[in-house]
$ cat upload04.json   # JSON, C-alpha atoms
[["chain", "number", "residue", "atom", "x", "y", "z"],
["A", 24, "MET", "CA", -13.50, 14.87, 7.72],
["A", 25, "THR", "CA", -14.85, 13.20, 4.56],
["A", 26, "ASN", "CA", -13.40, 10.09, 2.96],
["A", 27, "MET", "CA", -11.34, 10.61, -0.18],
["A", 28, "LEU", "CA", -11.29, 6.86, -0.83],
["A", 29, "GLU", "CA", -13.83, 4.31, 0.34],
["A", 30, "VAL", "CA", -13.25, 0.66, -0.57],
["A", 31, "THR", "CA", -16.02, -1.78, 0.36],
["A", 32, "GLY", "CA", -15.88, -5.55, -0.02],
["A", 33, "LEU", "CA", -13.02, -5.50, -2.52],
["A", 34, "THR", "CA", -12.45, -9.05, -3.74],
["A", 35, "THR", "CA", -9.89, -9.72, -6.46],
["A", 36, "THR", "CA", -9.95, -13.10, -8.17],
["A", 37, "PHE", "CA", -7.56, -14.61, -10.71],
["A", 38, "SER", "CA", -8.50, -17.49, -12.98],
["A", 39, "LYS", "CA", -6.04, -20.22, -13.98],
["A", 40, "ASN", "CA", -6.71, -23.59, -15.60],
["A", 41, "GLU", "CA", -10.47, -23.14, -15.12],
["A", 42, "ARG", "CA", -10.01, -22.51, -11.39],
["A", 43, "ALA", "CA", -10.55, -19.21, -9.54],
["A", 44, "PHE", "CA", -8.37, -17.98, -6.68],
["A", 45, "LYS", "CA", -9.16, -15.09, -4.32],
["A", 46, "VAL", "CA", -6.00, -13.07, -3.84],
["A", 47, "VAL", "CA", -7.74, -10.17, -2.05],
["A", 48, "ASP", "CA", -10.73, -11.20, 0.06],
["A", 49, "ASN", "CA", -13.39, -8.67, 1.15],
["A", 50, "LEU", "CA", -11.05, -5.72, 1.77],
["A", 51, "CYS", "CA", -12.65, -2.64, 3.35],
["A", 52, "LEU", "CA", -10.66, 0.58, 3.57],
["A", 53, "GLN", "CA", -11.34, 4.27, 4.15],
["A", 54, "VAL", "CA", -8.84, 7.08, 3.58],
["A", 55, "LYS", "CA", -9.76, 10.61, 4.61],
["A", 56, "LYS", "CA", -8.60, 13.73, 2.79],
["A", 57, "GLY", "CA", -4.96, 14.39, 3.65],
["A", 58, "GLU", "CA", -4.68, 11.15, 5.66],
["A", 59, "SER", "CA", -1.92, 8.54, 5.39],
["A", 60, "VAL", "CA", -2.92, 4.88, 5.70],
["A", 61, "GLY", "CA", -0.40, 2.03, 5.74],
["A", 62, "ILE", "CA", -0.99, -1.51, 4.47],
["A", 63, "VAL", "CA", 1.61, -3.94, 5.84],
["A", 64, "GLY", "CA", 2.37, -7.64, 5.67],
["A", 65, "GLU", "CA", 4.77, -10.19, 4.24],
["A", 66, "SER", "CA", 5.28, -10.72, 0.52],
["A", 67, "GLY", "CA", 2.34, -12.70, -0.85],
["A", 68, "CYS", "CA", -0.27, -11.21, 1.50],
["A", 69, "GLY", "CA", -2.12, -9.37, -1.30],
["A", 70, "LYS", "CA", -0.95, -5.80, -0.64],
["A", 71, "SER", "CA", 0.23, -5.00, -4.17],
["A", 72, "VAL", "CA", -2.73, -6.75, -5.81],
["A", 73, "ALA", "CA", -5.06, -4.62, -3.66],
["A", 74, "SER", "CA", -3.35, -1.44, -4.87],
["A", 75, "LEU", "CA", -3.42, -2.55, -8.52],
["A", 76, "SER", "CA", -7.11, -3.36, -8.10],
["A", 77, "MET", "CA", -7.78, 0.19, -6.89],
["A", 78, "MET", "CA", -5.99, 1.47, -10.01],
["A", 79, "ARG", "CA", -7.81, -1.05, -12.26],
["A", 80, "LEU", "CA", -4.48, -2.35, -13.56],
["A", 81, "LEU", "CA", -5.01, -6.10, -13.40],
["A", 82, "SER", "CA", -4.11, -8.65, -16.06],
["A", 83, "LYS", "CA", -6.89, -10.09, -18.25],
["A", 84, "ASN", "CA", -7.41, -13.14, -16.01],
["A", 85, "GLY", "CA", -8.15, -10.91, -13.00],
["A", 86, "SER", "CA", -11.61, -9.73, -11.92],
["A", 87, "ILE", "CA", -12.79, -7.31, -9.22],
["A", 88, "GLU", "CA", -15.94, -7.26, -7.09],
["A", 89, "GLY", "CA", -17.06, -4.69, -4.52],
["A", 90, "ARG", "CA", -16.90, -0.90, -4.61],
["A", 91, "ILE", "CA", -13.99, 1.50, -5.04],
["A", 92, "GLN", "CA", -15.22, 5.05, -4.51],
["A", 93, "LEU", "CA", -12.81, 7.92, -5.14],
["A", 94, "ASP", "CA", -14.27, 11.21, -3.92],
["A", 95, "GLY", "CA", -17.75, 9.71, -4.30],
["A", 96, "ALA", "CA", -17.30, 8.19, -7.79],
["A", 97, "ASP", "CA", -17.29, 4.38, -8.14],
["A", 98, "LEU", "CA", -14.23, 3.48, -10.24],
["A", 99, "LEU", "CA", -15.59, 0.02, -11.06],
["A", 100, "ARG", "CA", -18.34, 1.63, -13.13],
["A", 101, "TYR", "CA", -15.88, 3.39, -15.43],
["A", 102, "SER", "CA", -14.75, 2.07, -18.80],
["A", 103, "GLU", "CA", -11.04, 1.57, -19.50],
["A", 104, "LYS", "CA", -11.02, 4.74, -21.61],
["A", 105, "GLU", "CA", -12.51, 6.72, -18.70],
["A", 106, "MET", "CA", -9.98, 5.18, -16.29],
["A", 107, "GLN", "CA", -7.13, 6.39, -18.49],
["A", 108, "LYS", "CA", -8.30, 9.95, -17.81],
["A", 109, "ILE", "CA", -8.38, 9.29, -14.05],
["A", 110, "ARG", "CA", -5.03, 7.50, -13.64],
["A", 111, "GLY", "CA", -2.32, 10.09, -13.12],
["A", 112, "LYS", "CA", -4.85, 12.89, -12.77],
["A", 113, "GLU", "CA", -7.10, 11.85, -9.86],
["A", 114, "ILE", "CA", -5.23, 8.83, -8.53],
["A", 115, "ALA", "CA", -1.54, 8.04, -9.04],
["A", 116, "MET", "CA", 0.84, 5.28, -8.04],
["A", 117, "ILE", "CA", 4.53, 4.89, -7.26],
["A", 118, "PHE", "CA", 5.56, 1.36, -8.22],
["A", 119, "GLN", "CA", 8.03, -0.91, -6.42],
["A", 120, "GLU", "CA", 10.92, -0.87, -8.87],
["A", 121, "PRO", "CA", 11.44, 2.37, -10.81],
["A", 122, "MET", "CA", 13.87, 0.80, -13.29],
["A", 123, "THR", "CA", 11.14, -1.49, -14.60],
["A", 124, "SER", "CA", 8.47, 1.23, -14.39],
["A", 125, "LEU", "CA", 10.38, 3.83, -16.40],
["A", 126, "ASN", "CA", 10.74, 3.39, -20.17],
["A", 127, "PRO", "CA", 14.46, 2.74, -20.87],
["A", 128, "VAL", "CA", 14.36, 4.26, -24.39],
["A", 129, "LEU", "CA", 12.72, 7.58, -23.46],
["A", 130, "THR", "CA", 14.37, 10.47, -21.65],
["A", 131, "ILE", "CA", 13.19, 11.50, -18.19],
["A", 132, "GLY", "CA", 11.81, 14.75, -19.60],
["A", 133, "LYS", "CA", 9.77, 12.95, -22.26],
["A", 134, "GLN", "CA", 8.26, 10.54, -19.74],
["A", 135, "LEU", "CA", 7.26, 13.24, -17.27],
["A", 136, "SER", "CA", 5.91, 15.54, -20.00],
["A", 137, "GLU", "CA", 3.53, 12.91, -21.36],
["A", 138, "GLY", "CA", 1.06, 13.09, -18.44],
["A", 139, "LEU", "CA", 1.15, 16.87, -18.29],
["A", 140, "GLU", "CA", 0.41, 17.22, -21.99],
["A", 141, "LYS", "CA", -2.37, 14.61, -21.83],
["A", 142, "HIS", "CA", -4.11, 15.59, -18.58],
["A", 143, "GLU", "CA", -3.28, 19.30, -18.27],
["A", 144, "GLY", "CA", -3.25, 20.25, -21.97],
["A", 145, "MET", "CA", 0.21, 21.82, -21.75],
["A", 146, "ASN", "CA", 2.34, 22.49, -24.83],
["A", 147, "ARG", "CA", 5.95, 21.31, -25.02],
["A", 148, "ALA", "CA", 7.47, 24.51, -23.57],
["A", 149, "GLN", "CA", 4.99, 24.59, -20.68],
["A", 150, "SER", "CA", 5.48, 20.91, -19.85],
["A", 151, "ARG", "CA", 9.28, 21.27, -19.94],
["A", 152, "GLN", "CA", 9.15, 24.14, -17.43],
["A", 153, "ARG", "CA", 6.77, 22.16, -15.20],
["A", 154, "VAL", "CA", 8.97, 19.03, -15.37],
["A", 155, "VAL", "CA", 12.03, 21.01, -14.25],
["A", 156, "GLU", "CA", 9.97, 22.42, -11.35],
["A", 157, "LEU", "CA", 8.82, 18.92, -10.38],
["A", 158, "LEU", "CA", 12.33, 17.47, -10.45],
["A", 159, "THR", "CA", 13.53, 20.35, -8.27],
["A", 160, "GLN", "CA", 10.58, 19.82, -5.91],
["A", 161, "VAL", "CA", 11.56, 16.18, -5.28],
["A", 162, "GLY", "CA", 15.14, 17.18, -4.44],
["A", 163, "ILE", "CA", 17.00, 16.74, -7.74],
["A", 164, "SER", "CA", 19.52, 19.56, -7.95],
["A", 165, "ARG", "CA", 20.51, 19.20, -11.64],
["A", 166, "ALA", "CA", 16.96, 19.26, -12.95],
["A", 167, "ASN", "CA", 17.80, 20.80, -16.34],
["A", 168, "GLU", "CA", 20.42, 18.13, -16.99],
["A", 169, "ILE", "CA", 18.33, 15.23, -15.69],
["A", 170, "TYR", "CA", 15.56, 16.29, -18.08],
["A", 171, "HIS", "CA", 17.68, 14.94, -20.97],
["A", 172, "GLU", "CA", 18.99, 11.80, -19.22],
["A", 173, "TYR", "CA", 17.83, 8.19, -19.66],
["A", 174, "PRO", "CA", 16.77, 6.08, -16.63],
["A", 175, "HIS", "CA", 19.84, 3.81, -16.70],
["A", 176, "ARG", "CA", 22.07, 6.85, -16.18],
["A", 177, "LEU", "CA", 20.50, 7.60, -12.78],
["A", 178, "SER", "CA", 21.00, 6.00, -9.37],
["A", 179, "GLY", "CA", 18.21, 4.07, -7.65],
["A", 180, "GLY", "CA", 17.41, 6.99, -5.37],
["A", 181, "MET", "CA", 17.28, 9.41, -8.31],
["A", 182, "ARG", "CA", 14.98, 7.12, -10.27],
["A", 183, "GLN", "CA", 12.67, 6.86, -7.27],
["A", 184, "ARG", "CA", 12.55, 10.66, -7.04],
["A", 185, "VAL", "CA", 11.64, 10.76, -10.74],
["A", 186, "MET", "CA", 8.80, 8.30, -10.07],
["A", 187, "ILE", "CA", 7.52, 10.54, -7.26],
["A", 188, "ALA", "CA", 7.70, 13.57, -9.57],
["A", 189, "MET", "CA", 5.74, 11.66, -12.21],
["A", 190, "ALA", "CA", 3.09, 10.61, -9.68],
["A", 191, "ILE", "CA", 2.48, 14.12, -8.29],
["A", 192, "ALA", "CA", 2.74, 15.95, -11.64],
["A", 193, "CYS", "CA", -1.02, 16.50, -12.00],
["A", 194, "HIS", "CA", -1.75, 17.01, -8.29],
["A", 195, "PRO", "CA", -3.69, 13.75, -7.72],
["A", 196, "LYS", "CA", -6.19, 13.46, -4.89],
["A", 197, "LEU", "CA", -4.81, 10.07, -3.86],
["A", 198, "LEU", "CA", -1.28, 8.70, -4.10],
["A", 199, "ILE", "CA", -0.58, 4.97, -3.70],
["A", 200, "ALA", "CA", 3.05, 4.19, -2.88],
["A", 201, "ASP", "CA", 3.89, 0.49, -3.32],
["A", 202, "GLU", "CA", 7.12, -0.27, -1.44],
["A", 203, "PRO", "CA", 8.64, 3.08, -2.52],
["A", 204, "THR", "CA", 11.89, 2.55, -0.58],
["A", 205, "THR", "CA", 12.58, -1.11, -1.41],
["A", 206, "ALA", "CA", 16.22, -1.82, -2.39],
["A", 207, "LEU", "CA", 17.38, 1.65, -1.33],
["A", 208, "ASP", "CA", 20.01, 2.13, 1.35],
["A", 209, "VAL", "CA", 18.92, 3.55, 4.71],
["A", 210, "THR", "CA", 20.10, 7.11, 4.05],
["A", 211, "ILE", "CA", 18.37, 7.38, 0.67],
["A", 212, "GLN", "CA", 15.30, 5.70, 2.15],
["A", 213, "ALA", "CA", 14.99, 8.41, 4.78],
["A", 214, "GLN", "CA", 15.42, 11.13, 2.14],
["A", 215, "ILE", "CA", 12.68, 9.64, -0.06],
["A", 216, "LEU", "CA", 10.25, 9.41, 2.88],
["A", 217, "ASP", "CA", 10.99, 13.02, 3.83],
["A", 218, "VAL", "CA", 10.29, 14.10, 0.23],
["A", 219, "MET", "CA", 6.98, 12.22, 0.20],
["A", 220, "LYS", "CA", 5.81, 13.66, 3.53],
["A", 221, "LYS", "CA", 6.75, 17.19, 2.46],
["A", 222, "ILE", "CA", 4.90, 16.89, -0.85],
["A", 223, "GLN", "CA", 1.84, 15.36, 0.80],
["A", 224, "ARG", "CA", 1.62, 18.31, 3.20],
["A", 225, "GLU", "CA", 2.07, 20.83, 0.39],
["A", 226, "LEU", "CA", -0.53, 19.26, -1.91],
["A", 227, "GLY", "CA", -2.95, 17.99, 0.77],
["A", 228, "MET", "CA", -3.01, 14.53, -0.84],
["A", 229, "SER", "CA", -4.33, 11.35, 0.67],
["A", 230, "LEU", "CA", -1.70, 8.60, 0.81],
["A", 231, "ILE", "CA", -1.73, 4.80, 0.91],
["A", 232, "MET", "CA", 1.68, 3.44, 1.89],
["A", 233, "ILE", "CA", 2.16, -0.24, 1.06],
["A", 234, "THR", "CA", 5.16, -1.78, 2.78],
["A", 235, "HIS", "CA", 6.53, -4.68, 4.82],
["A", 236, "ASP", "CA", 8.61, -2.25, 6.90],
["A", 237, "LEU", "CA", 6.96, -1.18, 10.16],
["A", 238, "GLY", "CA", 9.57, 1.56, 10.53],
["A", 239, "VAL", "CA", 8.24, 3.19, 7.35],
["A", 240, "VAL", "CA", 4.69, 2.91, 8.72],
["A", 241, "ALA", "CA", 5.69, 4.55, 12.01],
["A", 242, "GLU", "CA", 7.37, 7.36, 10.10],
["A", 243, "THR", "CA", 4.64, 8.17, 7.59],
["A", 244, "CYS", "CA", 1.17, 6.81, 8.52],
["A", 245, "ASP", "CA", -1.79, 7.84, 10.66],
["A", 246, "ARG", "CA", -3.57, 4.48, 10.51],
["A", 247, "VAL", "CA", -2.47, 1.00, 9.49],
["A", 248, "LEU", "CA", -4.05, -2.19, 8.16],
["A", 249, "VAL", "CA", -2.24, -5.51, 8.53],
["A", 250, "MET", "CA", -2.92, -8.02, 5.74],
["A", 251, "TYR", "CA", -2.38, -11.75, 5.78],
["A", 252, "ALA", "CA", -3.30, -14.24, 3.04],
["A", 253, "GLY", "CA", -5.54, -11.75, 1.25],
["A", 254, "GLN", "CA", -7.47, -10.54, 4.31],
["A", 255, "VAL", "CA", -7.18, -7.62, 6.72],
["A", 256, "ILE", "CA", -6.42, -9.23, 10.09],
["A", 257, "GLU", "CA", -5.88, -6.08, 12.17],
["A", 258, "ALA", "CA", -6.65, -2.38, 11.80],
["A", 259, "ALA", "CA", -5.80, 0.45, 14.19],
["A", 260, "ASP", "CA", -4.22, 3.87, 14.42],
["A", 261, "VAL", "CA", -0.45, 3.54, 14.09],
["A", 262, "ARG", "CA", 0.43, 4.31, 17.72],
["A", 263, "THR", "CA", -2.07, 1.79, 19.09],
["A", 264, "LEU", "CA", -0.89, -0.93, 16.74],
["A", 265, "LEU", "CA", 2.80, -0.46, 17.46],
["A", 266, "ARG", "CA", 2.35, -0.13, 21.24],
["A", 267, "SER", "CA", -0.40, -2.71, 21.74],
["A", 268, "PRO", "CA", -0.71, -5.15, 18.80],
["A", 269, "LYS", "CA", -3.62, -7.56, 19.10],
["A", 270, "HIS", "CA", -3.25, -10.27, 16.46],
["A", 271, "PRO", "CA", -0.53, -12.91, 17.02],
["A", 272, "TYR", "CA", 0.73, -12.24, 13.48],
["A", 273, "THR", "CA", 1.12, -8.51, 14.16],
["A", 274, "VAL", "CA", 2.89, -9.31, 17.43],
["A", 275, "GLY", "CA", 5.30, -11.53, 15.50],
["A", 276, "LEU", "CA", 5.95, -8.84, 12.88],
["A", 277, "ILE", "CA", 6.83, -6.28, 15.54],
["A", 278, "LYS", "CA", 9.04, -8.75, 17.45],
["A", 279, "SER", "CA", 10.95, -9.54, 14.26],
["A", 280, "THR", "CA", 11.86, -5.89, 13.73],
["A", 281, "PRO", "CA", 15.54, -5.19, 14.57],
["A", 282, "HIS", "CA", 16.03, -2.98, 17.64],
["A", 283, "ASN", "CA", 18.70, -2.11, 20.16],
["A", 284, "ALA", "CA", 17.58, -4.35, 23.01],
["A", 285, "LYS", "CA", 20.58, -5.47, 25.10],
["A", 286, "GLY", "CA", 21.28, -9.17, 25.22],
["A", 287, "LEU", "CA", 19.24, -9.94, 22.10],
["A", 288, "LYS", "CA", 21.23, -12.48, 20.07],
["A", 289, "ARG", "CA", 18.67, -13.61, 17.50],
["A", 290, "LEU", "CA", 15.72, -11.88, 15.86],
["A", 291, "HIS", "CA", 12.29, -13.36, 16.45],
["A", 292, "SER", "CA", 10.88, -15.22, 13.43],
["A", 293, "ILE", "CA", 7.44, -16.56, 12.53],
["A", 294, "ALA", "CA", 7.62, -20.22, 11.55],
["A", 295, "GLY", "CA", 6.34, -21.22, 8.11],
["A", 296, "SER", "CA", 5.26, -19.00, 5.25],
["A", 297, "VAL", "CA", 2.16, -17.28, 3.85],
["A", 298, "PRO", "CA", -0.15, -19.85, 2.20],
["A", 299, "THR", "CA", -0.83, -19.43, -1.51],
["A", 300, "PRO", "CA", -4.43, -18.74, -2.62],
["A", 301, "ASP", "CA", -4.84, -22.32, -3.84],
["A", 302, "HIS", "CA", -3.84, -23.72, -0.45],
["A", 303, "TYR", "CA", -5.62, -21.54, 2.11],
["A", 304, "PRO", "CA", -6.36, -23.58, 5.26],
["A", 305, "LYS", "CA", -9.94, -24.40, 6.24],
["A", 306, "GLY", "CA", -10.14, -22.18, 9.32],
["A", 307, "CYS", "CA", -8.05, -19.16, 10.29],
["A", 308, "ARG", "CA", -5.47, -18.61, 7.57],
["A", 309, "PHE", "CA", -2.77, -17.89, 10.14],
["A", 310, "ALA", "CA", -3.58, -20.93, 12.31],
["A", 311, "PRO", "CA", -0.81, -23.23, 10.95],
["A", 312, "ARG", "CA", 1.82, -20.64, 12.04],
["A", 313, "CYS", "CA", 0.15, -19.36, 15.22],
["A", 314, "GLU", "CA", 1.57, -19.99, 18.70],
["A", 315, "LYS", "CA", -1.88, -19.46, 20.27],
["A", 316, "VAL", "CA", -3.90, -21.70, 17.98],
["A", 317, "MET", "CA", -7.13, -23.19, 19.39],
["A", 318, "PRO", "CA", -9.42, -25.95, 18.03],
["A", 319, "ILE", "CA", -11.91, -23.41, 16.64],
["A", 320, "CYS", "CA", -9.09, -21.76, 14.67],
["A", 321, "LEU", "CA", -8.63, -24.93, 12.61],
["A", 322, "GLU", "CA", -12.32, -25.10, 11.69],
["A", 323, "GLN", "CA", -13.64, -21.55, 11.24],
["A", 324, "ASN", "CA", -12.12, -18.40, 9.80],
["A", 325, "PRO", "CA", -12.84, -15.57, 12.31],
["A", 326, "PRO", "CA", -14.56, -12.31, 11.29],
["A", 327, "LEU", "CA", -12.94, -8.92, 11.82],
["A", 328, "LEU", "CA", -13.95, -8.11, 15.39],
["A", 329, "ASP", "CA", -14.07, -4.78, 17.24],
["A", 330, "VAL", "CA", -11.61, -5.26, 20.11],
["A", 331, "ASP", "CA", -11.95, -1.73, 21.47],
["A", 332, "GLN", "CA", -12.55, 1.77, 20.15],
["A", 333, "GLN", "CA", -9.10, 1.88, 18.54],
["A", 334, "SER", "CA", -8.64, -1.63, 17.10],
["A", 335, "GLU", "CA", -10.23, -4.33, 14.95],
["A", 336, "CYS", "CA", -8.78, -7.84, 14.91],
["A", 337, "ARG", "CA", -9.53, -11.06, 13.02],
["A", 338, "CYS", "CA", -8.82, -13.53, 15.83],
["A", 339, "TRP", "CA", -10.91, -15.96, 17.90],
["A", 340, "LEU", "CA", -8.96, -14.94, 21.03],
["A", 341, "TYR", "CA", -11.02, -11.76, 21.22],
["A", 342, "ARG", "CA", -14.33, -13.48, 20.52],
["A", 343, "GLU", "CA", -13.73, -15.70, 23.56],
["A", 344, "ASN", "CA", -12.63, -12.74, 25.69],
["A", 345, "ARG", "CA", -15.79, -10.81, 24.81],
["A", 346, "GLU", "CA", -18.05, -13.78, 25.51],
["A", 347, "SER", "CA", -16.41, -14.48, 28.89],
["A", 348, "THR", "CA", -16.74, -10.82, 29.82],
["A", 349, "ALA", "CA", -20.44, -10.90, 28.96],
["A", 350, "VAL", "CA", -20.99, -14.09, 31.06],
["A", 351, "ASN", "CA", -19.05, -12.83, 34.07],
["A", 352, "GLY", "CA", -20.44, -9.32, 33.85]]
$ encode --input "upload04.json" --output "structure tokens"
Amino acid sequence: MTNMLEVTGLTTTFSKNERAFKVVDNLCLQVKKGESVGIVGESGCGKSVASLSMMRLLSKNGSIEGRIQLDGADLLRYSEKEMQKIRGKEIAMIFQEPMTSLNPVLTIGKQLSEGLEKHEGMNRAQSRQRVVELLTQVGISRANEIYHEYPHRLSGGMRQRVMIAMAIACHPKLLIADEPTTALDVTIQAQILDVMKKIQRELGMSLIMITHDLGVVAETCDRVLVMYAGQVIEAADVRTLLRSPKHPYTVGLIKSTPHNAKGLKRLHSIAGSVPTPDHYPKGCRFAPRCEKVMPICLEQNPPLLDVDQQSECRCWLYRENRESTAVNG
């Protein structure tokens, strides 16, 4: 199966007060056609910046290095005018908060019609019919009425469905969903995920799901990357990662997930917080919070190592294990 998206060495840097800070550091990612890949981690790990980098939607003080190939074409070689033709048509994104992503002074119908008229060359009557079909497809029963409504008149779940409809309007090859169920209650969250999975199957899209919720990853993804302080620290298929996490940070994330274990009085927590790009530690970026820290961790940042055929992990624990195996073997 060929790769729909291939990201190599993606490094995103922001400049402030004549200083440069790496917010995403040497990210490598492949997404096959029709595949779902999750990117997880705490707030501040660089997940959203990575997705905005792939869309080329950074602020003026941001710069990107590396390669971002969508179906063989390097997006970093395109001008902004060329990217405007690709966004929404070839690659689309569902943003975290639909209320701030939708224009409050334009009707739902007007906002969804814009992309269809621009990318598909539809006239007003054609785009209106297509918008009603899209709203129905994402589970909105009163599509003809919603067409004329303004965003503030809709619930959070309805606005999120509108954002999904907008993202899939032109049948993109790749959909990036950035925390698409944040701030929604559990019932609506499940409905939104079901809608996304159904549409992905119908359209054969590739999907990148960005979230801090491992339950969402388990529900929707084939493979998962764990990010910490701008770097990928673990990568595996979703079953391997959830059943046998390798990195101490991933272990902590899974332990901190609520479950029905008897006798559990308090949730596990990881001490400390994610370091900011201007205060990354000298060695492993997770070392100050790690329960298994070693002297080498404080001095050298580990590479992403192949642990086995299913997993990669950025941790010196596995370098030592491999070396001891080689000596004893």
$ atom_distance --input "upload04.json" --atom1 "atom CA of A:Ile191" --atom2 "atom CA of A:Arg79"
18.8 Å
$ residues_around --input "upload04.json" --residues "A:Leu139" --least-positions-apart "5" --cutoff "10 Å" --atoms "all atoms listed in the file" --output "list in words"
Gly111, Lys112, Gln134, Gly144, Met145, Asn146, Arg147, Gln149, Ser150, Arg151, Arg153, Val154, Met189, Ala192 and Cys193 of chain A
$ residues_around --input "upload04.json" --residues "A:Phe44" --least-positions-apart "6" --cutoff "12 Å" --atoms "only C-alpha atoms" --output "list in words"
Thr34, Thr35, Thr36, Phe37, Ser38, Gly69, Asn84, Gly85, Ser86, Ile87, Ala252, Gly253, Thr299, Pro300, Asp301, His302 and Tyr303 of chain A
$ closest_atom_pairs --input "upload04.json" --of "stretch 25-117 of chain A" --to "stretch 231-249 of chain A" --cutoff "12 Å" --atoms "all atoms listed in the file" --output "Markdown table"
| residue | atom | partner | partner_atom | distance |
| --- | --- | --- | --- | --- |
| A:Met27 | CA | A:Ile231 | CA | 11.3 |
| A:Leu28 | CA | A:Ile231 | CA | 9.9 |
| A:Leu50 | CA | A:Leu248 | CA | 10.1 |
| A:Cys51 | CA | A:Leu248 | CA | 9.9 |
| A:Leu52 | CA | A:Leu248 | CA | 8.5 |
| A:Gln53 | CA | A:Arg246 | CA | 10.0 |
| A:Val54 | CA | A:Ile231 | CA | 7.9 |
| A:Lys55 | CA | A:Asp245 | CA | 10.4 |
| A:Lys56 | CA | A:Ile231 | CA | 11.4 |
| A:Gly57 | CA | A:Asp245 | CA | 10.1 |
| A:Glu58 | CA | A:Asp245 | CA | 6.7 |
| A:Ser59 | CA | A:Cys244 | CA | 4.7 |
| A:Val60 | CA | A:Arg246 | CA | 4.9 |
| A:Gly61 | CA | A:Val247 | CA | 4.4 |
| A:Ile62 | CA | A:Ile233 | CA | 4.8 |
| A:Val63 | CA | A:Val249 | CA | 5.0 |
| A:Gly64 | CA | A:His235 | CA | 5.2 |
| A:Glu65 | CA | A:His235 | CA | 5.8 |
| A:Ser66 | CA | A:His235 | CA | 7.5 |
| A:Gly67 | CA | A:His235 | CA | 10.7 |
| A:Cys68 | CA | A:Val249 | CA | 9.3 |
| A:Gly69 | CA | A:Ile233 | CA | 10.4 |
| A:Lys70 | CA | A:Ile233 | CA | 6.6 |
| A:Ser71 | CA | A:Ile233 | CA | 7.3 |
| A:Val72 | CA | A:Ile233 | CA | 10.7 |
| A:Ala73 | CA | A:Ile233 | CA | 9.7 |
| A:Ser74 | CA | A:Ile233 | CA | 8.2 |
| A:Leu75 | CA | A:Ile233 | CA | 11.3 |
| A:Met77 | CA | A:Ile231 | CA | 10.9 |
| A:Ile114 | CA | A:Ile231 | CA | 10.8 |
| A:Ala115 | CA | A:Ile231 | CA | 10.5 |
| A:Met116 | CA | A:Ile231 | CA | 9.3 |
| A:Ile117 | CA | A:Met232 | CA | 9.7 |
$ axis_aligned_box --input "upload04.json" --around "stretch 154-173 of chain A" --padding-each-side "4 Å" --output "lines of an AutoDock Vina configuration file"
center_x = 14.7
center_y = 15.3
center_z = -12.7
size_x = 19.7
size_y = 22.2
size_z = 24.5
$ atom_distance --input "upload04.json" --atom1 "atom CA of A:Leu207" --atom2 "atom CA of A:Gly179"
6.8 Å
$ residues_around --input "upload04.json" --residues "A:Pro281" --least-positions-apart "4" --cutoff "10 Å" --atoms "only C-alpha atoms" --output "PyMOL selection string"
chain A and resi 238+277+287+289-291
$ atom_distance --input "upload04.json" --atom1 "atom CA of A:Ala166" --atom2 "atom CA of A:Arg184"
11.3 Å
$ residues_around --input "upload04.json" --residues "stretch 312-325 of chain A" --least-positions-apart "4" --cutoff "8 Å" --atoms "only C-alpha atoms" --output "PyMOL selection string"
chain A and resi 271-272+293-296+304-308+337-339
$ closest_residue --input "upload04.json" --among "A:Ser82, A:Gln333, A:Gln254, A:Thr205" --to "A:Val47" --atoms "all atoms listed in the file"
A:Gln254
$ closest_residue --input "upload04.json" --among "A:Asp329, A:Glu103, A:Ser136, A:Val255" --to "A:Val46" --atoms "all atoms listed in the file"
A:Val255
$ closest_atom_pairs --input "upload04.json" --of "stretch 191-214 of chain A" --to "stretch 91-102 of chain A" --cutoff "12 Å" --atoms "only C-alpha atoms" --output "tab-separated table"
residue	atom	partner	partner_atom	distance
A:Pro195	CA	A:Leu93	CA	11.1
A:Lys196	CA	A:Asp94	CA	8.4
A:Leu197	CA	A:Leu93	CA	8.4
A:Leu198	CA	A:Leu93	CA	11.6
$ write_last_selection --input "upload04.json" --atoms "C-alpha atoms" --output "compact mmCIF listing (two decimals), in the coordinates of the input"
# COMPACT_ATOMS: atom_id res chain seq x y z
CA PRO A 195 -3.69 13.75 -7.72
CA LYS A 196 -6.19 13.46 -4.89
CA LEU A 197 -4.81 10.07 -3.86
CA LEU A 198 -1.28 8.70 -4.10
$ closest_residue --input "upload04.json" --among "A:His142, A:Arg165, A:Arg266, A:Arg176" --to "A:His194" --atoms "all atoms listed in the file"
A:His142
$ residues_around --input "upload04.json" --residues "A:Val330" --least-positions-apart "6" --cutoff "9 Å" --atoms "only C-alpha atoms" --output "MDAnalysis selection string"
chainID A and resid 269 336 341:342 345
$ closest_residue --input "upload04.json" --among "A:Lys278, A:His175, A:Arg182, A:Lys45" --to "A:Gly162" --atoms "all atoms listed in the file"
A:Arg182
$ decode --input "upload04.json" --residues "stretch 41-52 of chain A" --atoms "C-alpha atoms" --output "PDB file, in the first residue's frame"
ATOM      1  CA  GLU A  41      15.912  37.449  17.889  1.00  0.00           C
ATOM      2  CA  ARG A  42      15.870  33.909  19.311  1.00  0.00           C
ATOM      3  CA  ALA A  43      14.674  30.745  17.533  1.00  0.00           C
ATOM      4  CA  PHE A  44      12.765  27.934  19.231  1.00  0.00           C
ATOM      5  CA  LYS A  45      12.104  24.461  17.786  1.00  0.00           C
ATOM      6  CA  VAL A  46       8.521  23.534  18.553  1.00  0.00           C
ATOM      7  CA  VAL A  47       8.506  20.447  16.286  1.00  0.00           C
ATOM      8  CA  ASP A  48      11.846  18.656  16.046  1.00  0.00           C
ATOM      9  CA  ASN A  49      12.635  16.239  13.181  1.00  0.00           C
ATOM     10  CA  LEU A  50       9.172  14.677  12.875  1.00  0.00           C
ATOM     11  CA  CYS A  51       8.892  11.717  10.487  1.00  0.00           C
ATOM     12  CA  LEU A  52       5.462  10.346   9.624  1.00  0.00           C
TER      13      LEU A  52
END
